[in-house]
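Shown here: start.cif, mmCIF, C-alpha atoms.
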data_start
loop_
_atom_site.group_PDB
_atom_site.id
_atom_site.type_symbol
_atom_site.label_atom_id
_atom_site.label_comp_id
_atom_site.auth_asym_id
_atom_site.auth_seq_id
_atom_site.Cartn_x
_atom_site.Cartn_y
_atom_site.Cartn_z
ATOM 1 C CA MET A 603 133.934 131.815 115.262
ATOM 2 C CA LYS A 604 132.912 129.924 118.385
ATOM 3 C CA ASN A 605 129.255 129.898 117.341
ATOM 4 C CA LYS A 606 130.041 128.694 113.843
ATOM 5 C CA ARG A 607 131.953 125.694 115.147
ATOM 6 C CA GLY A 608 129.102 125.002 117.547
ATOM 7 C CA ASP A 609 126.597 125.081 114.652
ATOM 8 C CA LYS A 610 128.624 122.550 112.712
ATOM 9 C CA VAL A 611 128.731 120.204 115.688
ATOM 10 C CA ILE A 612 124.967 120.573 116.095
ATOM 11 C CA SER A 613 124.478 119.850 112.363
ATOM 12 C CA ILE A 614 126.438 116.606 112.495
ATOM 13 C CA TYR A 615 124.683 115.627 115.710
ATOM 14 C CA TRP A 616 121.344 116.441 114.069
ATOM 15 C CA PHE A 617 122.083 114.226 111.066
ATOM 16 C CA VAL A 618 123.157 111.376 113.325
ATOM 17 C CA ILE A 619 119.787 111.633 115.087
ATOM 18 C CA LEU A 620 118.004 111.751 111.733
ATOM 19 C CA LEU A 621 119.780 108.611 110.603
ATOM 20 C CA LEU A 622 118.881 106.844 113.846
ATOM 21 C CA VAL A 623 115.224 107.860 113.529
ATOM 22 C CA ALA A 624 115.157 106.826 109.853
ATOM 23 C CA GLY A 625 116.813 103.510 110.658
ATOM 24 C CA ALA A 626 114.279 102.780 113.380
ATOM 25 C CA MET A 627 111.359 103.700 111.104
ATOM 26 C CA VAL A 628 112.642 101.603 108.201
ATOM 27 C CA TYR A 629 113.185 98.680 110.564
ATOM 28 C CA MET A 630 109.684 98.959 112.052
ATOM 29 C CA VAL A 631 108.049 99.297 108.635
ATOM 30 C CA SER A 632 110.022 96.305 107.371
ATOM 31 C CA VAL A 633 108.934 94.249 110.362
ATOM 32 C CA VAL A 634 105.262 95.184 109.927
ATOM 33 C CA TYR A 635 105.014 95.123 106.135
ATOM 34 C CA GLY A 636 108.042 93.062 105.163
ATOM 35 C CA GLY A 637 106.834 89.623 106.165
ATOM 36 C CA PRO A 638 103.617 87.898 105.192
ATOM 37 C CA TYR A 639 100.509 87.933 107.375
ATOM 38 C CA ASP A 640 100.581 84.782 109.470
ATOM 39 C CA VAL A 641 97.041 83.387 109.487
ATOM 40 C CA ARG A 642 97.895 79.770 110.288
ATOM 41 C CA LYS A 643 96.685 79.967 113.874
ATOM 42 C CA ILE A 644 93.261 81.177 112.728
ATOM 43 C CA GLU A 645 93.248 78.557 109.988
ATOM 44 C CA ALA A 646 94.089 75.733 112.398
ATOM 45 C CA SER A 647 91.491 77.010 114.828
ATOM 46 C CA LEU A 648 88.827 77.068 112.092
ATOM 47 C CA LEU A 649 89.802 73.552 111.061
ATOM 48 C CA THR A 650 89.419 72.356 114.653
ATOM 49 C CA ASP A 651 86.022 74.073 114.908
ATOM 50 C CA LYS A 652 84.888 72.490 111.663
ATOM 51 C CA ILE A 653 85.765 68.993 112.833
ATOM 52 C CA ALA A 654 84.182 69.591 116.233
ATOM 53 C CA ASP A 655 80.979 70.825 114.532
ATOM 54 C CA CYS A 656 81.054 67.803 112.263
ATOM 55 C CA MET A 657 81.211 65.429 115.222
ATOM 56 C CA ALA A 658 79.127 67.078 117.888
ATOM 57 C CA SER A 659 76.279 69.495 118.322
ATOM 58 C CA GLY A 660 74.779 70.897 121.510
ATOM 59 C CA GLY A 661 77.204 68.948 123.699
ATOM 60 C CA ARG A 662 76.322 65.546 122.173
ATOM 61 C CA PHE A 663 77.759 63.471 119.347
ATOM 62 C CA VAL A 664 75.673 63.818 116.226
ATOM 63 C CA SER A 665 73.954 60.637 115.041
ATOM 64 C CA ALA A 666 76.296 57.688 114.334
ATOM 65 C CA MET A 667 79.327 59.628 115.577
ATOM 66 C CA PRO A 668 82.084 58.936 116.269
ATOM 67 C CA GLY A 669 81.687 55.332 115.064
ATOM 68 C CA LYS A 670 81.136 56.105 111.417
ATOM 69 C CA LEU A 671 84.192 58.320 111.201
ATOM 70 C CA ASN A 672 87.541 56.851 110.155
ATOM 71 C CA SER A 673 90.756 57.967 108.479
ATOM 72 C CA ASP A 674 89.399 57.149 105.033
ATOM 73 C CA ASN A 675 86.169 59.107 105.211
ATOM 74 C CA LEU A 676 87.002 61.993 107.561
ATOM 75 C CA LEU A 677 87.555 64.569 104.818
ATOM 76 C CA GLN A 678 84.449 63.548 102.925
ATOM 77 C CA GLU A 679 82.185 63.301 105.982
ATOM 78 C CA CYS A 680 83.312 66.648 107.372
ATOM 79 C CA HIS A 681 83.431 68.404 103.981
ATOM 80 C CA ILE A 682 87.108 69.212 104.091
ATOM 81 C CA ASN A 683 89.429 69.658 101.134
ATOM 82 C CA PHE A 684 93.189 69.650 101.742
ATOM 83 C CA ASN A 685 94.108 70.565 98.161
ATOM 84 C CA ASN A 686 96.235 73.680 97.939
ATOM 85 C CA GLU A 687 97.128 76.223 95.295
ATOM 86 C CA GLU A 688 100.074 75.598 92.984
ATOM 87 C CA TYR A 689 103.021 77.008 94.843
ATOM 88 C CA SER A 690 106.659 76.039 95.229
ATOM 89 C CA VAL A 691 106.895 72.295 95.907
ATOM 90 C CA TRP A 692 103.554 72.066 97.706
ATOM 91 C CA ASN A 693 101.675 68.936 96.793
ATOM 92 C CA ASN A 694 98.409 69.023 98.719
ATOM 93 C CA ASP A 695 100.449 68.239 101.815
ATOM 94 C CA GLN A 696 100.052 71.358 103.934
ATOM 95 C CA PHE A 697 97.529 70.068 106.480
ATOM 96 C CA TYR A 698 97.263 67.288 109.007
ATOM 97 C CA VAL A 699 94.462 66.366 111.381
ATOM 98 C CA GLU A 700 94.405 63.765 114.125
ATOM 99 C CA ILE A 701 91.368 62.910 116.237
ATOM 100 C CA ASN A 702 91.272 60.787 119.376
ATOM 101 C CA VAL A 703 88.111 59.981 121.284
ATOM 102 C CA TYR A 704 88.605 58.789 124.866
ATOM 103 C CA PHE A 705 86.186 57.604 127.507
ATOM 104 C CA PHE A 706 85.780 60.455 129.989
ATOM 105 C CA GLY A 707 88.474 60.627 132.647
ATOM 106 C CA THR A 708 90.614 57.906 131.077
ATOM 107 C CA LYS A 709 92.944 57.555 128.157
ATOM 108 C CA ASN A 710 91.079 54.519 126.859
ATOM 109 C CA PRO A 711 90.180 55.132 123.239
ATOM 110 C CA LYS A 712 86.592 54.708 122.106
ATOM 111 C CA ILE A 713 87.638 54.390 118.453
ATOM 112 C CA PRO A 714 90.980 54.041 116.652
ATOM 113 C CA THR A 715 92.835 57.296 116.043
ATOM 114 C CA ILE A 716 91.522 59.115 112.978
ATOM 115 C CA LYS A 717 94.159 60.745 110.795
ATOM 116 C CA ALA A 718 94.130 62.701 107.560
ATOM 117 C CA GLY A 719 96.684 64.740 105.658
ATOM 118 C CA ASN A 720 100.459 64.824 105.796
ATOM 119 C CA PHE A 721 101.400 62.884 108.953
ATOM 120 C CA GLN A 722 105.031 64.010 108.719
ATOM 121 C CA LEU A 723 103.990 67.469 109.871
ATOM 122 C CA LYS A 724 103.323 66.096 113.343
ATOM 123 C CA ASP A 725 107.078 65.610 113.900
ATOM 124 C CA PHE A 726 107.464 69.361 114.275
ATOM 125 C CA CYS A 727 104.848 69.787 116.992
ATOM 126 C CA GLY A 728 106.281 70.857 120.316
ATOM 127 C CA GLN A 729 109.313 72.431 118.705
ATOM 128 C CA GLU A 730 109.933 76.147 118.791
ATOM 129 C CA GLY A 731 110.418 78.034 115.551
ATOM 130 C CA LYS A 732 108.513 80.479 113.423
ATOM 131 C CA THR A 733 109.293 78.608 110.218
ATOM 132 C CA LEU A 734 107.901 75.302 111.466
ATOM 133 C CA SER A 735 104.363 74.028 111.018
ATOM 134 C CA LEU A 736 101.753 75.413 113.351
ATOM 135 C CA CYS A 737 100.175 72.852 115.675
ATOM 136 C CA LEU A 738 96.960 73.362 117.569
ATOM 137 C CA ASP A 739 95.937 70.811 120.180
ATOM 138 C CA ARG A 740 92.402 71.197 121.532
ATOM 139 C CA SER A 741 90.069 68.971 123.544
ATOM 140 C CA PHE A 742 86.409 69.103 124.429
ATOM 141 C CA TYR A 743 83.983 66.936 126.349
ATOM 142 C CA VAL A 744 80.860 65.512 124.817
ATOM 143 C CA LEU A 745 78.042 63.126 125.670
ATOM 144 C CA GLU A 746 77.027 60.214 123.473
ATOM 145 C CA ASN A 747 74.126 60.787 121.094
ATOM 146 C CA GLN A 748 71.603 59.027 123.297
ATOM 147 C CA GLY A 749 72.688 58.337 126.829
ATOM 148 C CA ASN A 750 74.926 59.873 129.420
ATOM 149 C CA GLN A 751 78.304 58.344 128.666
ATOM 150 C CA ALA A 752 80.819 61.182 128.426
ATOM 151 C CA TYR A 753 83.847 61.299 126.156
ATOM 152 C CA GLU A 754 86.851 63.496 125.639
ATOM 153 C CA VAL A 755 87.570 64.408 122.042
ATOM 154 C CA ASN A 756 91.089 65.557 121.263
ATOM 155 C CA ILE A 757 91.772 67.233 117.924
ATOM 156 C CA ILE A 758 95.255 68.084 116.695
ATOM 157 C CA SER A 759 95.213 70.416 113.695
ATOM 158 C CA ILE A 760 98.418 71.237 111.888
ATOM 159 C CA VAL A 761 98.912 73.817 109.161
ATOM 160 C CA ARG A 762 102.222 74.180 107.348
ATOM 161 C CA LYS A 763 102.020 76.801 104.568
ATOM 162 C CA THR A 764 105.240 78.203 105.993
ATOM 163 C CA GLU A 765 106.393 79.947 102.828
ATOM 164 C CA LYS A 766 103.216 82.006 102.637
ATOM 165 C CA ASN A 767 102.925 82.830 106.315
ATOM 166 C CA ALA A 768 106.249 82.954 108.066
ATOM 167 C CA VAL A 769 109.194 83.476 105.727
ATOM 168 C CA MET B 701 134.658 145.874 106.743
ATOM 169 C CA ARG B 702 131.178 145.918 105.149
ATOM 170 C CA CYS B 703 132.375 143.450 102.558
ATOM 171 C CA LEU B 704 133.592 141.065 105.259
ATOM 172 C CA ILE B 705 130.238 141.136 107.073
ATOM 173 C CA ASN B 706 128.373 140.400 103.833
ATOM 174 C CA LYS B 707 130.675 137.514 103.029
ATOM 175 C CA LYS B 708 130.161 136.028 106.482
ATOM 176 C CA GLY B 709 126.383 136.484 106.258
ATOM 177 C CA SER B 710 126.232 134.940 102.804
ATOM 178 C CA SER B 711 128.237 131.916 103.930
ATOM 179 C CA LEU B 712 125.969 131.453 106.963
ATOM 180 C CA LEU B 713 122.880 131.690 104.752
ATOM 181 C CA THR B 714 124.206 129.086 102.288
ATOM 182 C CA GLU B 715 124.995 126.676 105.105
ATOM 183 C CA ASN B 716 121.527 127.030 106.562
ATOM 184 C CA VAL B 717 119.850 126.626 103.169
ATOM 185 C CA ILE B 718 121.843 123.457 102.440
ATOM 186 C CA PHE B 719 121.040 122.157 105.917
ATOM 187 C CA ILE B 720 117.297 122.771 105.500
ATOM 188 C CA VAL B 721 117.211 121.371 101.947
ATOM 189 C CA LEU B 722 119.003 118.203 103.081
ATOM 190 C CA ASN B 723 116.526 117.803 105.952
ATOM 191 C CA VAL B 724 113.557 118.227 103.636
ATOM 192 C CA VAL B 725 115.004 115.788 101.067
ATOM 193 C CA PHE B 726 115.661 113.285 103.837
ATOM 194 C CA PHE B 727 112.106 113.429 105.201
ATOM 195 C CA VAL B 728 110.551 113.343 101.722
ATOM 196 C CA ILE B 729 112.494 110.162 100.885
ATOM 197 C CA LEU B 730 111.486 108.637 104.208
ATOM 198 C CA ILE B 731 107.798 109.476 103.750
ATOM 199 C CA ILE B 732 107.829 108.152 100.157
ATOM 200 C CA PHE B 733 109.371 104.908 101.451
ATOM 201 C CA LEU B 734 106.767 104.555 104.205
ATOM 202 C CA PHE B 735 103.825 105.213 101.898
ATOM 203 C CA SER B 736 105.191 102.965 99.163
ATOM 204 C CA ARG B 737 105.444 100.079 101.653
ATOM 205 C CA ALA B 738 102.085 100.722 103.286
ATOM 206 C CA GLY B 739 100.152 101.180 100.046
ATOM 207 C CA ASP B 740 101.844 98.399 98.122
ATOM 208 C CA ALA B 741 99.449 96.466 95.836
ATOM 209 C CA ALA B 742 101.107 93.158 96.748
ATOM 210 C CA GLN B 743 100.321 93.727 100.429
ATOM 211 C CA TYR B 744 96.645 94.225 99.648
ATOM 212 C CA GLU B 745 96.525 91.220 97.348
ATOM 213 C CA GLU B 746 97.860 89.026 100.137
ATOM 214 C CA LYS B 747 95.677 90.578 102.808
ATOM 215 C CA TYR B 748 92.426 90.149 100.904
ATOM 216 C CA ALA B 749 93.222 86.679 99.504
ATOM 217 C CA LYS B 750 93.844 85.393 103.023
ATOM 218 C CA GLN B 751 90.895 87.241 104.503
ATOM 219 C CA ILE B 752 88.473 85.849 101.904
ATOM 220 C CA ALA B 753 89.870 82.320 102.268
ATOM 221 C CA LEU B 754 89.404 82.474 106.054
ATOM 222 C CA LEU B 755 85.879 83.864 105.706
ATOM 223 C CA ILE B 756 84.986 80.960 103.417
ATOM 224 C CA ASP B 757 86.615 78.496 105.834
ATOM 225 C CA ALA B 758 84.412 79.842 108.612
ATOM 226 C CA ALA B 759 81.243 79.971 106.511
ATOM 227 C CA LYS B 760 78.368 77.517 106.780
ATOM 228 C CA PRO B 761 76.414 76.561 103.635
ATOM 229 C CA GLU B 762 74.038 79.221 102.342
ATOM 230 C CA THR B 763 76.033 82.079 103.746
ATOM 231 C CA MET B 764 76.355 85.404 102.002
ATOM 232 C CA PHE B 765 78.823 88.088 102.989
ATOM 233 C CA ASP B 766 79.759 91.488 101.644
ATOM 234 C CA LEU B 767 83.374 92.531 102.039
ATOM 235 C CA ASN B 768 84.484 96.141 101.920
ATOM 236 C CA MET B 769 87.495 96.228 99.595
ATOM 237 C CA GLN B 770 87.496 99.939 98.895
ATOM 238 C CA ASP B 771 91.244 100.374 99.452
ATOM 239 C CA ALA B 772 92.016 97.479 97.088
ATOM 240 C CA VAL B 773 89.593 98.855 94.503
ATOM 241 C CA ASP B 774 91.314 102.257 94.709
ATOM 242 C CA ILE B 775 94.691 100.647 94.056
ATOM 243 C CA ALA B 776 93.326 98.607 91.125
ATOM 244 C CA ILE B 777 91.883 101.766 89.545
ATOM 245 C CA LYS B 778 95.195 103.560 90.095
ATOM 246 C CA GLU B 779 97.006 100.656 88.433
ATOM 247 C CA GLY B 780 94.575 100.724 85.497
ATOM 248 C CA TYR B 781 93.099 97.316 86.369
ATOM 249 C CA ASP B 782 89.385 96.501 86.103
ATOM 250 C CA PRO B 783 87.957 96.429 89.671
ATOM 251 C CA LYS B 784 85.405 93.796 88.601
ATOM 252 C CA GLN B 785 88.249 91.360 87.973
ATOM 253 C CA ILE B 786 89.943 91.670 91.366
ATOM 254 C CA VAL B 787 88.732 88.458 93.021
ATOM 255 C CA LYS B 788 88.548 85.034 91.426
ATOM 256 C CA ILE B 789 87.710 81.715 93.064
ATOM 257 C CA GLN B 790 88.772 78.571 91.239
ATOM 258 C CA ASP B 791 88.090 75.215 92.951
ATOM 259 C CA ASN B 792 89.197 75.935 96.497
ATOM 260 C CA VAL B 793 91.676 78.709 95.720
ATOM 261 C CA VAL B 794 91.057 82.443 96.094
ATOM 262 C CA THR B 795 93.110 84.727 93.864
ATOM 263 C CA VAL B 796 93.256 88.474 94.340
ATOM 264 C CA LYS B 797 94.855 90.559 91.614
ATOM 265 C CA LEU B 798 95.178 94.328 91.630
ATOM 266 C CA ARG B 799 97.565 94.894 88.751
ATOM 267 C CA GLY B 800 97.803 94.001 85.079
ATOM 268 C CA GLU B 801 101.161 92.319 85.476
ATOM 269 C CA GLY B 802 101.786 89.351 87.740
ATOM 270 C CA LYS B 803 99.542 86.483 88.760
ATOM 271 C CA GLY B 804 98.109 88.110 91.868
ATOM 272 C CA TYR B 805 98.087 86.322 95.211
ATOM 273 C CA SER B 806 96.429 82.952 95.743
ATOM 274 C CA TYR B 807 95.440 81.216 98.959
ATOM 275 C CA SER B 808 93.482 78.007 99.402
ATOM 276 C CA PHE B 809 90.616 77.281 101.763
ATOM 277 C CA PHE B 810 89.863 73.842 103.228
ATOM 278 C CA ASN B 811 86.087 74.208 103.513
ATOM 279 C CA ASN B 812 84.781 72.017 100.683
ATOM 280 C CA VAL B 813 81.974 74.294 99.546
ATOM 281 C CA LYS B 814 80.602 75.590 96.286
ATOM 282 C CA THR B 815 80.909 79.334 95.933
ATOM 283 C CA ASN B 816 79.302 81.685 93.454
ATOM 284 C CA GLU B 817 81.493 83.840 91.274
ATOM 285 C CA PRO B 818 82.323 86.814 93.518
ATOM 286 C CA TYR B 819 80.844 89.968 92.152
ATOM 287 C CA PHE B 820 81.587 93.620 92.421
ATOM 288 C CA MET B 821 78.538 95.390 93.811
ATOM 289 C CA GLN B 822 77.299 98.330 91.779
ATOM 290 C CA ASN B 823 74.891 99.567 94.457
ATOM 291 C CA LYS B 824 77.535 99.348 97.195
ATOM 292 C CA PRO B 825 80.721 100.819 95.738
ATOM 293 C CA GLY B 826 83.909 99.174 96.935
ATOM 294 C CA PHE B 827 82.129 96.037 98.183
ATOM 295 C CA TYR B 828 82.413 92.509 96.871
ATOM 296 C CA ARG B 829 79.690 89.934 97.524
ATOM 297 C CA PHE B 830 80.474 86.279 98.189
ATOM 298 C CA VAL B 831 77.895 83.519 98.348
ATOM 299 C CA VAL B 832 78.687 80.111 99.830
ATOM 300 C CA GLU B 833 76.057 77.800 98.370
ATOM 301 C CA GLY B 834 76.529 74.377 99.865
ATOM 302 C CA TYR B 835 78.906 71.480 100.213
ATOM 303 C CA LYS B 836 80.386 69.928 97.076
#
Output the file's structure as structure tokens, nothing else.
Amino acid sequence: MKNKRGDKVISIYWFVILLLVAGAMVYMVSVVYGGPYDVRKIEASLLTDKIADCMASGGRFVSAMPGKLNSDNLLQECHINFNNEEYSVWNNDQFYVEINVYFFGTKNPKIPTIKAGNFQLKDFCGQEGKTLSLCLDRSFYVLENQGNQAYEVNIISIVRKTEKNAV
Amino acid sequence: MRCLINKKGSSLLTENVIFIVLNVVFFVILIIFLFSRAGDAAQYEEKYAKQIALLIDAAKPETMFDLNMQDAVDIAIKEGYDPKQIVKIQDNVVTVKLRGEGKGYSYSFFNNVKTNEPYFMQNKPGFYRFVVEGYK
């Protein structure tokens, strides 16, 4: 009689453990497989690399850079296409790029700021939140094409695509 | 007395059998759930669409790459879908589809390049070949 009651207690205890284990597994699987893969950081990084490659090579500005670059021709000159797939209310407005070129060691701009894409995305930079746009701010130093004048190039790349990466 | 022992033994046996059956059922359901989530066609569609889009973003003109998509091909075959039709690239949008129903998963790339129609390699089963020709 004593053993039988003990068995029953063990059975209930066993099922409680099973439920806890199952709950933990379902939760972990949902976390791993439930949400989309977030590739925006890689995407923003590739965008930054592409612009940097477009402007400079081997530590120097490529010919006629950065002077020939402006907000109107950035996408064409650097072979970038901000069109996106048909999805939700997206309207080719999921990217933003901003480039500043400063004289080395100062914040004096060499050329006016170059911008392309949806400028409203920049408002979310610096704010915390998984469902906000992803901002990547990178700088590099470069010499002029012919000569030894050094510059700092700052590139801010922003990718939204929140619905497909973070929700 | 003998009858009482048998009754007790039979009751104990039934309890244990029910207990074991419930455990087995529980674990089977759990394993089915885990495998169904891990091997979900939609997961693979998303994974490969994004992977291909990023590879194209990173590619320079005149780049060729072969991508092993064996697991996606296996799912497409299981779903009765032609493995040669898995990947499509239209303008700057990659679409991966592994099932007859649905539109598949699409993801855009920003690199403004011309790409050849991706093709399913006969001599390298499970691989798709992508060729980035040049800038548009």
Per residue of chain B within 9 Å of chain A, note the shortest atom pair and the distance in Å to one decimal, counting all atoms listed in the file, and order the rows by chain and increasing residue number, as a tab-separated table.
residue	atom	partner	partner_atom	distance
B:Leu712	CA	A:Lys606	CA	8.5
B:Phe719	CA	A:Ser613	CA	7.7
B:Asn723	CA	A:Phe617	CA	8.4
B:Phe726	CA	A:Leu620	CA	8.4
B:Phe727	CA	A:Ala624	CA	8.6
B:Leu730	CA	A:Ala624	CA	7.0
B:Phe733	CA	A:Val628	CA	8.2
B:Leu734	CA	A:Val631	CA	7.0
B:Arg737	CA	A:Tyr635	CA	6.7
B:Ala738	CA	A:Tyr635	CA	6.9
B:Gln743	CA	A:Tyr635	CA	7.5
B:Glu746	CA	A:Pro638	CA	7.7
B:Lys747	CA	A:Tyr639	CA	7.2
B:Lys750	CA	A:Val641	CA	7.5
B:Gln751	CA	A:Val641	CA	8.8
B:Leu754	CA	A:Glu645	CA	6.8
B:Asp757	CA	A:Leu648	CA	6.8
B:Ala758	CA	A:Leu648	CA	6.3
B:Asn792	CA	A:Asn685	CA	7.5
B:Val793	CA	A:Glu687	CA	6.0
B:Val794	CA	A:Glu687	CA	8.7
B:Ser806	CA	A:Glu687	CA	6.8
B:Tyr807	CA	A:Glu687	CA	6.4
B:Ser808	CA	A:Asn686	CA	5.3
B:Phe809	CA	A:Asn686	CA	7.7
B:Phe810	CA	A:Asn683	CA	4.7
B:Asn811	CA	A:Ile682	CA	5.1
B:Asn812	CA	A:Ile682	CA	5.0
B:Val813	CA	A:His681	CA	7.5
B:Tyr835	CA	A:His681	CA	6.6
B:Lys836	CA	A:His681	CA	7.7
Dump C-alpha atoms for the selected residues as a tab-separated table (two decimals), in the frame of the given file?
chain	number	residue	atom	x	y	z
B	712	LEU	CA	125.97	131.45	106.96
B	719	PHE	CA	121.04	122.16	105.92
B	723	ASN	CA	116.53	117.80	105.95
B	726	PHE	CA	115.66	113.28	103.84
B	727	PHE	CA	112.11	113.43	105.20
B	730	LEU	CA	111.49	108.64	104.21
B	733	PHE	CA	109.37	104.91	101.45
B	734	LEU	CA	106.77	104.56	104.20
B	737	ARG	CA	105.44	100.08	101.65
B	738	ALA	CA	102.08	100.72	103.29
B	743	GLN	CA	100.32	93.73	100.43
B	746	GLU	CA	97.86	89.03	100.14
B	747	LYS	CA	95.68	90.58	102.81
B	750	LYS	CA	93.84	85.39	103.02
B	751	GLN	CA	90.90	87.24	104.50
B	754	LEU	CA	89.40	82.47	106.05
B	757	ASP	CA	86.62	78.50	105.83
B	758	ALA	CA	84.41	79.84	108.61
B	792	ASN	CA	89.20	75.94	96.50
B	793	VAL	CA	91.68	78.71	95.72
B	794	VAL	CA	91.06	82.44	96.09
B	806	SER	CA	96.43	82.95	95.74
B	807	TYR	CA	95.44	81.22	98.96
B	808	SER	CA	93.48	78.01	99.40
B	809	PHE	CA	90.62	77.28	101.76
B	810	PHE	CA	89.86	73.84	103.23
B	811	ASN	CA	86.09	74.21	103.51
B	812	ASN	CA	84.78	72.02	100.68
B	813	VAL	CA	81.97	74.29	99.55
B	835	TYR	CA	78.91	71.48	100.21
B	836	LYS	CA	80.39	69.93	97.08
Give me, as an NGL selection string, all polymer residues having an atom no more than 12 Å from region 742-749 of chain A, counting all atoms listed in the file and skipping those fewer than 4 positions away in the same chain. :A and (650-651 or 653-655 or 657-669 or 701-707 or 712 or 753-758)
Quick one: residues within 6 Å of Val831 (chain B), all atoms listed in the file counted, chain neighbours fewer than 4 positions away excluded, as a list in words? Thr763, Met764, Thr815 and Asn816 of chain B
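Closest approach to Ile752 (chain B) among B:Asp771, B:Glu801, B:Glu779, B:Asp766: B:Asp766, based on all atoms listed in the file.
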Measure the distance from CA of Glu833 (chain B) to CA of Pro818 (chain B) in Å and round it to one decimal.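 CA of Glu833 (chain B) sits 12.0 Å away from CA of Pro818 (chain B).
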Run the PyMOL selection byres ((chain A and resi 761) around 6) mentally over the shown coordinates, then write out the matched residues as a VMD selection string, using the chain letters and numbers from the document. chain A and resid 696 to 697 735 to 736 760 762
To one decimal place, how far is CA of Lys724 (chain A) from CA of Ala749 (chain B) in Å?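 Taking CA of Lys724 (chain A) and CA of Ala749 (chain B), their separation equals 26.8 Å.
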